[in-house]
file query_4.txt (compact mmCIF, C-alpha atoms (C1' of nucleotides))
# COMPACT_ATOMS: atom_id res chain seq x y z
CA MET L 1 0.00 0.00 0.00
CA ALA L 2 2.52 2.60 1.11
CA ARG L 3 4.96 3.73 -1.59
CA THR L 4 8.56 4.00 -0.50
CA GLN L 5 9.73 6.46 -3.14
CA GLY L 6 8.35 9.04 -5.51
CA SER L 7 6.48 12.32 -5.76
CA HIS L 8 2.96 12.80 -4.49
CA SER L 9 2.63 16.49 -3.74
CA ASP L 10 -0.96 16.65 -4.88
CA ILE L 11 -2.34 13.85 -2.74
CA THR L 12 -0.04 13.53 0.26
CA GLY L 13 -1.07 16.86 1.76
CA PRO L 14 -4.77 15.99 2.06
CA ARG L 15 -3.95 12.51 3.26
CA ILE L 16 -1.80 13.93 6.05
CA ARG L 17 -4.60 16.22 7.20
CA LYS L 18 -7.10 13.39 7.06
CA ALA L 19 -4.86 11.09 9.08
CA ALA L 20 -4.15 13.81 11.62
CA LEU L 21 -7.86 14.54 11.89
CA GLY L 22 -8.73 10.98 12.76
CA LEU L 23 -5.84 10.46 15.15
CA PHE L 24 -6.32 13.78 16.96
CA ALA L 25 -10.03 13.05 17.38
CA ARG L 26 -9.43 9.53 18.67
CA HIS L 27 -6.43 9.98 20.92
CA GLY L 28 -6.04 13.72 21.41
CA TYR L 29 -3.51 16.13 19.93
CA ALA L 30 -0.97 15.79 22.72
CA ALA L 31 -1.05 12.01 22.65
CA VAL L 32 -0.47 11.68 18.90
CA SER L 33 3.05 11.75 17.48
CA MET L 34 4.19 12.91 14.07
CA ARG L 35 5.49 9.37 13.53
CA GLN L 36 1.99 7.95 14.05
CA ILE L 37 0.54 10.36 11.51
CA ALA L 38 3.29 9.54 9.03
CA ALA L 39 2.76 5.80 9.51
CA GLU L 40 -0.96 6.14 8.76
CA VAL L 41 -0.17 8.04 5.56
CA GLY L 42 2.59 5.63 4.61
CA VAL L 43 5.53 8.02 4.64
CA GLN L 44 8.40 8.71 7.00
CA ALA L 45 8.03 11.36 9.67
CA GLY L 46 10.43 13.78 8.00
CA ALA L 47 8.24 13.94 4.89
CA LEU L 48 5.42 15.55 6.83
CA TYR L 49 7.44 18.73 7.09
CA ASN L 50 7.10 19.29 3.37
CA TYR L 51 3.43 20.03 4.08
CA THR L 52 3.33 21.64 7.50
CA PRO L 53 5.93 23.74 9.30
CA ASP L 54 5.11 21.98 12.57
CA LYS L 55 2.55 19.94 14.49
CA GLN L 56 0.77 22.98 15.87
CA SER L 57 0.04 24.31 12.39
CA LEU L 58 -1.49 20.98 11.49
CA LEU L 59 -3.95 21.29 14.36
CA PHE L 60 -4.70 24.93 13.67
CA HIS L 61 -5.30 24.28 9.99
CA LEU L 62 -7.87 21.58 10.78
CA MET L 63 -9.75 23.71 13.28
CA HIS L 64 -9.67 26.84 11.15
CA GLU L 65 -10.96 25.07 8.08
CA HIS L 66 -13.78 23.52 10.07
CA MET L 67 -14.92 26.83 11.51
CA GLN L 68 -14.75 28.54 8.13
CA GLU L 69 -16.87 25.82 6.59
CA LEU L 70 -19.38 26.08 9.43
CA LEU L 71 -19.77 29.83 8.95
CA SER L 72 -19.88 29.72 5.18
CA ALA L 73 -22.40 26.84 5.10
CA TYR L 74 -24.67 28.66 7.51
CA GLY L 75 -24.18 31.92 5.63
CA GLU L 76 -25.41 30.35 2.43
CA LEU L 77 -28.84 29.65 3.90
CA THR L 78 -31.55 32.18 3.19
CA GLN L 79 -32.71 33.54 6.51
CA PRO L 80 -36.47 33.37 7.12
CA GLU L 81 -38.00 36.70 8.10
CA ASN L 82 -39.83 35.02 10.96
CA ALA L 83 -37.57 34.44 13.97
CA PHE L 84 -39.41 31.28 14.89
CA GLU L 85 -38.67 29.79 11.48
CA ALA L 86 -35.10 31.07 11.64
CA LEU L 87 -34.58 29.24 14.93
CA HIS L 88 -36.05 26.09 13.46
CA GLN L 89 -33.64 26.34 10.55
CA PHE L 90 -30.71 26.93 12.91
CA VAL L 91 -31.52 23.85 14.96
CA ARG L 92 -31.81 21.61 11.92
CA PHE L 93 -28.67 23.05 10.34
CA HIS L 94 -26.61 22.75 13.51
CA ILE L 95 -27.53 19.13 14.16
CA ARG L 96 -27.06 18.01 10.58
CA PHE L 97 -23.82 19.89 9.94
CA HIS L 98 -22.21 18.68 13.14
CA LEU L 99 -23.33 15.07 12.86
CA GLU L 100 -21.76 14.95 9.42
CA ARG L 101 -18.35 15.94 10.83
CA PRO L 102 -17.88 14.19 14.16
CA ASP L 103 -14.08 14.28 14.10
CA GLU L 104 -13.83 17.95 13.19
CA VAL L 105 -16.36 18.92 15.84
CA PHE L 106 -14.67 16.85 18.49
CA ILE L 107 -11.32 18.47 17.80
CA ALA L 108 -12.80 21.96 17.63
CA TYR L 109 -14.16 21.54 21.16
CA MET L 110 -11.48 19.44 22.83
CA GLU L 111 -8.24 20.82 21.49
CA LEU L 112 -8.74 24.53 22.05
CA ARG L 113 -6.30 24.44 24.94
CA ASN L 114 -3.58 22.97 22.77
CA LEU L 115 -3.57 25.99 20.46
CA THR L 116 -1.00 28.73 20.89
CA PRO L 117 -2.58 31.91 22.29
CA GLU L 118 -2.61 33.58 18.87
CA ASN L 119 -4.22 30.60 17.17
CA PHE L 120 -6.70 30.26 20.01
CA SER L 121 -7.86 33.84 19.59
CA GLU L 122 -8.46 33.33 15.90
CA ILE L 123 -10.56 30.19 16.38
CA GLU L 124 -12.42 31.73 19.28
CA ALA L 125 -13.40 34.71 17.14
CA LEU L 126 -14.94 32.40 14.54
CA ARG L 127 -16.82 30.45 17.17
CA ARG L 128 -18.10 33.72 18.56
CA LYS L 129 -19.41 34.76 15.15
CA TYR L 130 -21.47 31.58 14.97
CA GLU L 131 -22.91 32.14 18.44
CA ASP L 132 -23.77 35.69 17.48
CA ALA L 133 -25.88 34.42 14.58
CA LEU L 134 -28.04 32.45 17.00
CA GLU L 135 -28.21 35.27 19.50
CA ALA L 136 -29.45 37.61 16.76
CA ILE L 137 -32.33 35.23 16.08
CA LEU L 138 -33.24 35.04 19.75
CA ARG L 139 -33.14 38.83 20.13
CA LYS L 140 -35.29 39.32 17.09
CA GLY L 141 -37.87 36.81 18.28
CA GLN L 142 -37.82 38.35 21.73
CA GLY L 143 -38.52 41.76 20.20
CA ALA L 144 -41.41 40.31 18.21
CA ALA L 145 -42.82 38.71 21.38
CA LEU L 146 -42.41 35.26 19.83
CA PHE L 147 -39.96 34.27 22.54
CA ASP L 148 -39.82 34.82 26.28
CA ILE L 149 -36.17 34.75 27.25
CA ALA L 150 -34.72 36.10 30.48
CA ASP L 151 -31.19 36.49 29.09
CA THR L 152 -30.43 36.02 25.40
CA LYS L 153 -26.72 35.39 25.95
CA VAL L 154 -27.41 32.60 28.44
CA ALA L 155 -30.11 31.18 26.19
CA THR L 156 -27.76 31.22 23.20
CA LEU L 157 -25.14 29.20 25.03
CA ALA L 158 -27.74 26.90 26.55
CA VAL L 159 -29.29 26.07 23.18
CA ILE L 160 -25.92 25.39 21.57
CA ALA L 161 -24.83 23.26 24.52
CA MET L 162 -28.03 21.24 24.33
CA LEU L 163 -27.66 20.68 20.60
CA ASN L 164 -24.00 19.74 20.92
CA GLY L 165 -25.04 16.99 23.30
CA VAL L 166 -26.40 15.04 20.36
CA MET L 167 -22.83 14.39 19.23
CA THR L 168 -22.05 12.29 22.27
CA TRP L 169 -24.69 9.66 21.66
CA TYR L 170 -26.17 9.75 18.13
CA ARG L 171 -24.99 7.03 15.76
CA ALA L 172 -26.39 6.50 12.29
CA GLY L 173 -28.53 3.38 12.14
CA GLY L 174 -29.44 3.61 15.82
CA ARG L 175 -32.84 3.62 17.49
CA LEU L 176 -33.79 7.06 16.13
CA SER L 177 -33.55 8.41 12.61
CA LEU L 178 -31.86 11.73 11.95
CA ASP L 179 -35.26 13.29 11.26
CA GLU L 180 -36.61 12.03 14.57
CA VAL L 181 -33.59 13.38 16.41
CA GLU L 182 -34.03 16.78 14.78
CA GLN L 183 -37.71 16.78 15.71
CA ASN L 184 -36.93 15.85 19.31
CA TYR L 185 -34.41 18.63 19.77
CA TRP L 186 -36.53 21.16 17.97
CA ASP L 187 -39.45 20.38 20.29
CA MET L 188 -37.26 21.00 23.31
CA VAL L 189 -35.48 24.10 21.99
CA ARG L 190 -38.72 25.63 20.78
CA ARG L 191 -40.46 25.23 24.09
CA SER L 192 -37.45 26.31 26.14
CA VAL L 193 -37.54 29.80 24.60
CA SER L 194 -41.18 30.21 23.56
CA ALA L 195 -43.55 32.76 25.02
CA MET P 1 8.97 26.62 50.17
CA ALA P 2 9.85 23.15 48.95
CA ARG P 3 11.56 20.92 51.49
CA THR P 4 14.49 18.94 50.18
CA GLN P 5 14.46 16.19 52.78
CA GLY P 6 12.14 14.61 55.31
CA SER P 7 8.96 12.65 55.79
CA HIS P 8 5.54 13.95 54.80
CA SER P 9 3.42 10.91 54.16
CA ASP P 10 0.28 12.49 55.53
CA ILE P 11 0.29 15.64 53.42
CA THR P 12 2.23 14.85 50.27
CA GLY P 13 -0.42 12.47 48.90
CA PRO P 14 -3.22 15.03 48.87
CA ARG P 15 -0.91 17.69 47.54
CA ILE P 16 0.06 15.45 44.63
CA ARG P 17 -3.57 14.83 43.76
CA LYS P 18 -4.36 18.51 44.02
CA ALA P 19 -1.44 19.48 41.79
CA ALA P 20 -2.33 16.81 39.25
CA LEU P 21 -5.94 17.96 39.27
CA GLY P 22 -5.04 21.52 38.40
CA LEU P 23 -2.44 20.62 35.80
CA PHE P 24 -4.59 17.98 34.09
CA ALA P 25 -7.50 20.43 33.94
CA ARG P 26 -5.38 23.24 32.53
CA HIS P 27 -3.14 21.42 30.07
CA GLY P 28 -4.65 17.99 29.61
CA TYR P 29 -3.49 14.62 30.96
CA ALA P 30 -1.30 13.73 27.99
CA ALA P 31 0.43 17.10 27.99
CA VAL P 32 1.37 17.03 31.69
CA SER P 33 4.52 15.25 32.85
CA MET P 34 5.19 13.63 36.18
CA ARG P 35 8.06 16.09 36.54
CA GLN P 36 5.65 19.02 36.28
CA ILE P 37 3.42 17.56 38.97
CA ALA P 38 6.40 16.90 41.21
CA ALA P 39 7.71 20.43 40.70
CA GLU P 40 4.37 21.92 41.74
CA VAL P 41 4.37 19.82 44.90
CA GLY P 42 8.01 20.57 45.60
CA VAL P 43 9.43 17.07 45.40
CA GLN P 44 11.41 15.12 42.83
CA ALA P 45 9.59 13.04 40.24
CA GLY P 46 10.63 9.73 41.76
CA ALA P 47 8.91 10.57 45.04
CA LEU P 48 5.49 10.55 43.35
CA TYR P 49 5.72 6.80 43.01
CA ASN P 50 5.41 6.41 46.76
CA TYR P 51 1.81 7.55 46.34
CA THR P 52 0.68 6.26 42.96
CA PRO P 53 1.80 3.21 41.01
CA ASP P 54 1.70 5.19 37.78
CA LYS P 55 0.32 8.26 36.03
CA GLN P 56 -2.81 6.48 34.82
CA SER P 57 -3.84 5.60 38.38
CA LEU P 58 -3.49 9.23 39.34
CA LEU P 59 -6.00 10.21 36.65
CA PHE P 60 -8.36 7.37 37.45
CA HIS P 61 -8.30 8.16 41.17
CA LEU P 62 -9.28 11.79 40.52
CA MET P 63 -12.15 10.88 38.20
CA HIS P 64 -13.43 8.05 40.37
CA GLU P 65 -13.46 10.17 43.51
CA HIS P 66 -15.31 12.92 41.69
CA MET P 67 -18.02 10.62 40.39
CA GLN P 68 -18.46 8.98 43.80
CA GLU P 69 -18.87 12.36 45.43
CA LEU P 70 -21.40 13.39 42.80
CA LEU P 71 -23.51 10.31 43.37
CA SER P 72 -23.27 10.39 47.15
CA ALA P 73 -24.07 14.11 47.35
CA TYR P 74 -27.11 13.66 45.14
CA GLY P 75 -28.13 10.55 47.04
CA GLU P 76 -28.20 12.46 50.30
CA LEU P 77 -30.95 14.77 49.07
CA THR P 78 -34.49 13.88 50.02
CA GLN P 79 -36.41 13.33 46.83
CA PRO P 80 -39.64 15.30 46.49
CA GLU P 81 -42.66 13.17 45.69
CA ASN P 82 -43.65 15.58 42.93
CA ALA P 83 -41.62 15.04 39.75
CA PHE P 84 -41.75 18.72 38.91
CA GLU P 85 -40.14 19.57 42.23
CA ALA P 86 -37.66 16.74 41.83
CA LEU P 87 -36.56 18.14 38.48
CA HIS P 88 -36.19 21.58 40.00
CA GLN P 89 -34.00 20.13 42.72
CA PHE P 90 -31.91 18.23 40.18
CA VAL P 91 -31.26 21.36 38.13
CA ARG P 92 -30.21 23.39 41.13
CA PHE P 93 -28.06 20.57 42.51
CA HIS P 94 -26.36 19.90 39.20
CA ILE P 95 -25.44 23.52 38.54
CA ARG P 96 -24.22 24.21 42.06
CA PHE P 97 -22.28 20.97 42.49
CA HIS P 98 -20.52 21.31 39.16
CA LEU P 99 -19.72 25.01 39.45
CA GLU P 100 -18.04 24.28 42.79
CA ARG P 101 -15.66 21.79 41.14
CA PRO P 102 -14.65 23.16 37.75
CA ASP P 103 -11.38 21.24 37.51
CA GLU P 104 -12.87 17.89 38.49
CA VAL P 105 -15.75 18.32 36.04
CA PHE P 106 -13.48 19.37 33.23
CA ILE P 107 -11.28 16.32 33.70
CA ALA P 108 -14.25 13.97 34.04
CA TYR P 109 -15.48 15.06 30.60
CA MET P 110 -12.25 15.65 28.71
CA GLU P 111 -10.01 12.84 29.85
CA LEU P 112 -12.28 9.85 29.37
CA ARG P 113 -10.31 8.81 26.31
CA ASN P 114 -7.08 8.72 28.27
CA LEU P 115 -8.38 6.05 30.62
CA THR P 116 -7.50 2.41 30.04
CA PRO P 117 -10.52 0.42 28.83
CA GLU P 118 -11.10 -1.09 32.28
CA ASN P 119 -10.93 2.26 34.04
CA PHE P 120 -13.15 3.82 31.38
CA SER P 121 -15.86 1.24 31.93
CA GLU P 122 -15.87 1.89 35.65
CA ILE P 123 -16.20 5.67 35.28
CA GLU P 124 -18.79 5.28 32.55
CA ALA P 125 -20.93 3.12 34.81
CA LEU P 126 -20.96 5.81 37.48
CA ARG P 127 -21.87 8.49 34.96
CA ARG P 128 -24.68 6.29 33.74
CA LYS P 129 -26.06 5.94 37.26
CA TYR P 130 -26.28 9.71 37.52
CA GLU P 131 -28.07 10.00 34.18
CA ASP P 132 -30.48 7.29 35.27
CA ALA P 133 -31.46 9.37 38.28
CA LEU P 134 -32.57 12.19 36.00
CA GLU P 135 -34.29 9.87 33.59
CA ALA P 136 -36.29 8.37 36.45
CA ILE P 137 -37.59 11.84 37.30
CA LEU P 138 -38.58 12.52 33.71
CA ARG P 139 -40.35 9.18 33.38
CA LYS P 140 -42.24 9.74 36.59
CA GLY P 141 -43.35 13.21 35.53
CA GLN P 142 -44.31 11.89 32.13
CA GLY P 143 -46.47 9.25 33.78
CA ALA P 144 -48.13 11.87 35.93
CA ALA P 145 -48.80 14.02 32.84
CA LEU P 146 -46.66 16.80 34.29
CA PHE P 147 -44.24 16.52 31.39
CA ASP P 148 -44.67 16.06 27.67
CA ILE P 149 -41.52 14.36 26.42
CA ALA P 150 -41.16 12.53 23.13
CA ASP P 151 -38.17 10.44 24.25
CA THR P 152 -37.01 10.41 27.87
CA LYS P 153 -33.53 9.17 27.04
CA VAL P 154 -32.94 11.98 24.56
CA ALA P 155 -34.45 14.49 26.96
CA THR P 156 -32.19 13.26 29.77
CA LEU P 157 -29.05 13.77 27.72
CA ALA P 158 -30.31 17.08 26.34
CA VAL P 159 -31.01 18.50 29.80
CA ILE P 160 -27.63 17.42 31.17
CA ALA P 161 -25.86 18.80 28.10
CA MET P 162 -27.64 22.12 28.47
CA LEU P 163 -26.78 22.35 32.16
CA ASN P 164 -23.16 21.41 31.56
CA GLY P 165 -22.89 24.35 29.20
CA VAL P 166 -22.90 26.66 32.20
CA MET P 167 -19.41 25.46 33.07
CA THR P 168 -17.92 26.98 29.93
CA TRP P 169 -18.89 30.56 30.69
CA TYR P 170 -19.95 31.12 34.30
CA ARG P 171 -17.47 32.89 36.53
CA ALA P 172 -18.17 33.96 40.10
CA GLY P 173 -18.47 37.72 40.33
CA GLY P 174 -19.65 38.04 36.74
CA ARG P 175 -22.73 39.71 35.34
CA LEU P 176 -25.13 37.15 36.80
CA SER P 177 -25.32 35.78 40.33
CA LEU P 178 -25.43 32.05 40.93
CA ASP P 179 -29.10 32.34 41.88
CA GLU P 180 -29.89 34.15 38.66
CA VAL P 181 -28.06 31.52 36.63
CA GLU P 182 -29.98 28.74 38.35
CA GLN P 183 -33.25 30.56 37.70
CA ASN P 184 -32.38 31.07 34.03
CA TYR P 185 -31.58 27.42 33.44
CA TRP P 186 -34.53 26.21 35.45
CA ASP P 187 -36.86 28.35 33.32
CA MET P 188 -35.47 26.79 30.16
CA VAL P 189 -35.34 23.20 31.41
CA ARG P 190 -38.82 23.42 32.91
CA ARG P 191 -40.37 24.69 29.70
CA SER P 192 -38.43 22.30 27.47
CA VAL P 193 -40.11 19.28 29.08
CA SER P 194 -43.40 20.68 30.39
CA ALA P 195 -46.82 19.64 29.15
C1' DG E 1 9.82 9.16 52.31
C1' DT E 2 12.73 11.67 49.52
C1' DC E 3 16.82 12.07 47.16
C1' DT E 4 20.08 11.44 42.96
C1' DA E 5 21.00 9.01 38.99
C1' DT E 6 19.77 6.53 35.20
C1' DA E 7 17.73 2.93 32.10
C1' DG E 8 15.19 2.63 28.03
C1' DC E 9 12.61 4.68 25.00
C1' DG E 10 9.96 8.26 22.31
C1' DT E 11 9.60 13.05 20.88
C1' DG E 12 9.63 17.16 17.29
C1' DA E 13 12.32 18.73 14.01
C1' DT E 14 16.41 19.04 10.73
C1' DA E 15 20.30 17.72 7.25
C1' DG E 16 21.71 15.87 3.26
C1' DA E 17 21.49 11.92 -0.21
C1' DC E 18 18.77 10.59 -4.06
C1' DG V 1 9.22 14.94 -2.44
C1' DT V 2 10.74 11.22 0.18
C1' DC V 3 14.24 8.78 2.25
C1' DT V 4 17.66 7.63 6.13
C1' DA V 5 20.02 9.17 9.96
C1' DT V 6 20.47 11.96 13.71
C1' DC V 7 20.38 15.84 17.19
C1' DA V 8 18.96 17.31 21.49
C1' DC V 9 15.84 16.64 24.60
C1' DG V 10 11.84 14.88 27.43
C1' DC V 11 9.32 11.05 29.02
C1' DT V 12 7.79 7.20 32.66
C1' DA V 13 9.42 4.44 35.84
C1' DT V 14 13.01 2.19 38.76
C1' DA V 15 17.30 1.41 41.86
C1' DG V 16 19.73 2.28 45.69
C1' DA V 17 21.78 5.77 49.02
C1' DC V 18 20.38 8.21 53.04

call {"tool": "encode", "arguments": {"input": "query_4.txt", "output": "structure tokens"}}
result
Amino acid sequence: MARTQGSHSDITGPRIRKAALGLFARHGYAAVSMRQIAAEVGVQAGALYNYTPDKQSLLFHLMHEHMQELLSAYGELTQPENAFEALHQFVRFHIRFHLERPDEVFIAYMELRNLTPENFSEIEALRRKYEDALEAILRKGQGAALFDIADTKVATLAVIAMLNGVMTWYRAGGRLSLDEVEQNYWDMVRRSVSA
Amino acid sequence: MARTQGSHSDITGPRIRKAALGLFARHGYAAVSMRQIAAEVGVQAGALYNYTPDKQSLLFHLMHEHMQELLSAYGELTQPENAFEALHQFVRFHIRFHLERPDEVFIAYMELRNLTPENFSEIEALRRKYEDALEAILRKGQGAALFDIADTKVATLAVIAMLNGVMTWYRAGGRLSLDEVEQNYWDMVRRSVSA
DNA sequence: GTCTATAGCGTGATAGAC
DNA sequence: GTCTATCACGCTATAGAC
């Protein structure tokens, strides 16, 4: 399987990131060595440094790309005028997007402390932008008397935390279908903020 | 500060666990060395092995003790007959207990993958017992028509996930008092499951 | 019970051949 | 672009003096 010689600039890079993604998610950034990543790709450890200046950049790249994709995917949705519908769309989007990327999500939440301070700030800013999108919906619905929320910031974080919980237990092919899961969470989120 | 000789069997053990707790919470189990823990306690690395057979046992001990305390503290509460009141008590207990032990909670959630399979199973069983306590409340309230829940298992995990979210942002002395935080979350939890 | 010293190994990253 | 070889260092855990 693994070639021992030759040029693969176009495919080795993605394969390294994919291997790092899986290993970081499974064992944690600090517990994974560059040699392990190289072995999974089928190259020697030194070859990795043709694609990343260091291990930290590998982690940052994965997290940054994930957050950018999250924001751009959500940004492409057309926002319903009605805040109630907008919240419904957010809930469905959040669950579906995150369940499709378990490794990326896991890393984005668990490995924040292994980023350098500069890298941490950058990722944190992106995460904040996503939270702000939800908070804007809650504020709008509160203004329209659709919602009854004591504190929109707390509610924003509570809703996201509740939705993130689905990652810890949902497995495709389990007792509940994805649609049923979405319906379950939407029922709870809707009622938790409704007037 | 650090003694260089002498006997301290009665105090060094707890100090090691306390140092490990803080370092594991801040930097992660895999990223913390026995030398770092020893330095914080003020002894040499070799001395740690008078108190723990290895690093893994240190982690397991911290997580196991935390889960035991959680279960015993909750078990000491007198359970209200009314499921609505029982849920209210659970929410307040969960928030208060967890906010009092940020390091222990952080480790209990983040370091599960760094446990050996045997140790993982043991911790997981304790966590499951705690979840079962909440699920029993939801089932009881559902039976009494106090709650309207599509799936009690999903609701159990959703409520705990929502409540755990408070750990990521609450800081004593911040904008909201502990009582206000409890009230906010209780409002949301109550409505999310109410008939 | 703590120390010093060290065994045995793994780490991230680099140099130079091909 | 990948290889082999290596540097310089850190790691867990142990041995034996005190």

call {"tool": "residues_around", "arguments": {"input": "query_4.txt", "residues": "DT11 in chain E", "least_positions_apart": "4", "cutoff": "9 Å", "atoms": "all atoms listed in the file", "output": "list in words"}}
result
Ser33 and Met34 of chain L; DC9, DG10 and DC11 of chain V

call {"tool": "residues_around", "arguments": {"input": "query_4.txt", "residues": "Asn82 in chain P", "least_positions_apart": "5", "cutoff": "12 Å", "atoms": "all atoms listed in the file", "output": "number ranges by chain"}}
result
P: 87-89, 137-147

call {"tool": "atom_distance", "arguments": {"input": "query_4.txt", "atom1": "CA of Glu182 in chain L", "atom2": "CA of Asn184 in chain P"}}
result
24.0 Å

call {"tool": "atom_distance", "arguments": {"input": "query_4.txt", "atom1": "C1' of DA5 in chain E", "atom2": "CA of Lys18 in chain P"}}
result
27.5 Å

call {"tool": "residues_near_point", "arguments": {"input": "query_4.txt", "point": "(18.0, 15.6, 15.5)", "cutoff": "7 Å", "atoms": "only C-alpha atoms (C1' of nucleotides)", "output": "short mmCIF file (atom, residue, chain, number, x, y, z; two decimals) with C-alpha atoms (C1' of nucleotides), in the coordinates of the input"}}
result
data_model
loop_
_atom_site.label_atom_id
_atom_site.label_comp_id
_atom_site.auth_asym_id
_atom_site.auth_seq_id
_atom_site.Cartn_x
_atom_site.Cartn_y
_atom_site.Cartn_z
"C1'" DA E 13 12.32 18.73 14.01
"C1'" DT E 14 16.41 19.04 10.73
"C1'" DT V 6 20.47 11.96 13.71
"C1'" DC V 7 20.38 15.84 17.19
"C1'" DA V 8 18.96 17.31 21.49
#

call {"tool": "closest_atom_pairs", "arguments": {"input": "query_4.txt", "of": "chain V", "to": "chain L", "cutoff": "12 Å", "atoms": "all atoms listed in the file", "output": "tab-separated table"}}
result
residue	atom	partner	partner_atom	distance
V:DG1	C1'	L:Ser7	CA	5.0
V:DT2	C1'	L:Gln5	CA	5.9
V:DC3	C1'	L:Gln5	CA	7.4
V:DT4	C1'	L:Gln44	CA	9.4
V:DA5	C1'	L:Gly46	CA	10.8
V:DT6	C1'	L:Gly46	CA	11.7

call {"tool": "write_last_selection", "arguments": {"input": "query_4.txt", "atoms": "C-alpha atoms (C1' of nucleotides)", "output": "JSON list (two decimals), in the frame of the given file"}}
result
[["chain", "number", "residue", "atom", "x", "y", "z"],
["V", 1, "DG", "C1'", 9.22, 14.94, -2.44],
["V", 2, "DT", "C1'", 10.74, 11.22, 0.18],
["V", 3, "DC", "C1'", 14.24, 8.78, 2.25],
["V", 4, "DT", "C1'", 17.66, 7.63, 6.13],
["V", 5, "DA", "C1'", 20.02, 9.17, 9.96],
["V", 6, "DT", "C1'", 20.47, 11.96, 13.71]]

call {"tool": "atom_distance", "arguments": {"input": "query_4.txt", "atom1": "CA of Met63 in chain L", "atom2": "CA of Phe120 in chain P"}}
result
27.1 Å

call {"tool": "residues_around", "arguments": {"input": "query_4.txt", "residues": "range 189-195 of chain P", "least_positions_apart": "5", "cutoff": "6 Å", "atoms": "only C-alpha atoms (C1' of nucleotides)", "output": "ChimeraX atom specification"}}
result
/L:188,191-192 /P:146-149

call {"tool": "closest_atom_pairs", "arguments": {"input": "query_4.txt", "of": "chain E", "to": "chain P", "cutoff": "9 Å", "atoms": "all atoms listed in the file", "output": "tab-separated table"}}
result
residue	atom	partner	partner_atom	distance
E:DG1	C1'	P:Ser7	CA	5.0
E:DT2	C1'	P:Gln5	CA	5.8
E:DC3	C1'	P:Gln5	CA	7.4

call {"tool": "interface_residues", "arguments": {"input": "query_4.txt", "of": "chain L", "to": "chain P", "cutoff": "10 Å", "atoms": "only C-alpha atoms", "output": "ChimeraX atom specification"}}
result
/L:25-32,109-111,113-114,148-151,154-155,157-166,168-170,176,180-181,183-195

call {"tool": "write_last_selection", "arguments": {"input": "query_4.txt", "atoms": "C-alpha atoms", "output": "compact mmCIF listing (two decimals), keeping the file's coordinate frame"}}
result
# COMPACT_ATOMS: atom_id res chain seq x y z
CA ALA L 25 -10.03 13.05 17.38
CA ARG L 26 -9.43 9.53 18.67
CA HIS L 27 -6.43 9.98 20.92
CA GLY L 28 -6.04 13.72 21.41
CA TYR L 29 -3.51 16.13 19.93
CA ALA L 30 -0.97 15.79 22.72
CA ALA L 31 -1.05 12.01 22.65
CA VAL L 32 -0.47 11.68 18.90
CA TYR L 109 -14.16 21.54 21.16
CA MET L 110 -11.48 19.44 22.83
CA GLU L 111 -8.24 20.82 21.49
CA ARG L 113 -6.30 24.44 24.94
CA ASN L 114 -3.58 22.97 22.77
CA ASP L 148 -39.82 34.82 26.28
CA ILE L 149 -36.17 34.75 27.25
CA ALA L 150 -34.72 36.10 30.48
CA ASP L 151 -31.19 36.49 29.09
CA VAL L 154 -27.41 32.60 28.44
CA ALA L 155 -30.11 31.18 26.19
CA LEU L 157 -25.14 29.20 25.03
CA ALA L 158 -27.74 26.90 26.55
CA VAL L 159 -29.29 26.07 23.18
CA ILE L 160 -25.92 25.39 21.57
CA ALA L 161 -24.83 23.26 24.52
CA MET L 162 -28.03 21.24 24.33
CA LEU L 163 -27.66 20.68 20.60
CA ASN L 164 -24.00 19.74 20.92
CA GLY L 165 -25.04 16.99 23.30
CA VAL L 166 -26.40 15.04 20.36
CA THR L 168 -22.05 12.29 22.27
CA TRP L 169 -24.69 9.66 21.66
CA TYR L 170 -26.17 9.75 18.13
CA LEU L 176 -33.79 7.06 16.13
CA GLU L 180 -36.61 12.03 14.57
CA VAL L 181 -33.59 13.38 16.41
CA GLN L 183 -37.71 16.78 15.71
CA ASN L 184 -36.93 15.85 19.31
CA TYR L 185 -34.41 18.63 19.77
CA TRP L 186 -36.53 21.16 17.97
CA ASP L 187 -39.45 20.38 20.29
CA MET L 188 -37.26 21.00 23.31
CA VAL L 189 -35.48 24.10 21.99
CA ARG L 190 -38.72 25.63 20.78
CA ARG L 191 -40.46 25.23 24.09
CA SER L 192 -37.45 26.31 26.14
CA VAL L 193 -37.54 29.80 24.60
CA SER L 194 -41.18 30.21 23.56
CA ALA L 195 -43.55 32.76 25.02

call {"tool": "closest_residue", "arguments": {"input": "query_4.txt", "among": "L:Leu62, L:Ala133, L:Leu21, L:Ile37", "to": "Gln79 in chain L", "atoms": "all atoms listed in the file"}}
result
L:Ala133

call {"tool": "residues_near_point", "arguments": {"input": "query_4.txt", "point": "(21.1, 2.4, 47.5)", "cutoff": "12 Å", "atoms": "only C-alpha atoms (C1' of nucleotides)", "output": "PyMOL selection string"}}
result
(chain E and resi 3-5) or (chain V and resi 14-18)

call {"tool": "decode", "arguments": {"input": "query_4.txt", "residues": "range 46-57 of chain P", "atoms": "C-alpha atoms", "output": "JSON list (two decimals), in the first residue's frame"}}
result
[["chain", "number", "residue", "atom", "x", "y", "z"],
["P", 46, "GLY", "CA", 10.63, 9.73, 41.76],
["P", 47, "ALA", "CA", 8.91, 10.57, 45.04],
["P", 48, "LEU", "CA", 5.49, 10.55, 43.35],
["P", 49, "TYR", "CA", 5.72, 6.80, 43.01],
["P", 50, "ASN", "CA", 5.41, 6.41, 46.76],
["P", 51, "TYR", "CA", 1.81, 7.55, 46.34],
["P", 52, "THR", "CA", 0.68, 6.26, 42.96],
["P", 53, "PRO", "CA", 1.80, 3.21, 41.01],
["P", 54, "ASP", "CA", 1.70, 5.19, 37.78],
["P", 55, "LYS", "CA", 0.32, 8.26, 36.03],
["P", 56, "GLN", "CA", -2.81, 6.48, 34.82],
["P", 57, "SER", "CA", -3.84, 5.60, 38.38]]
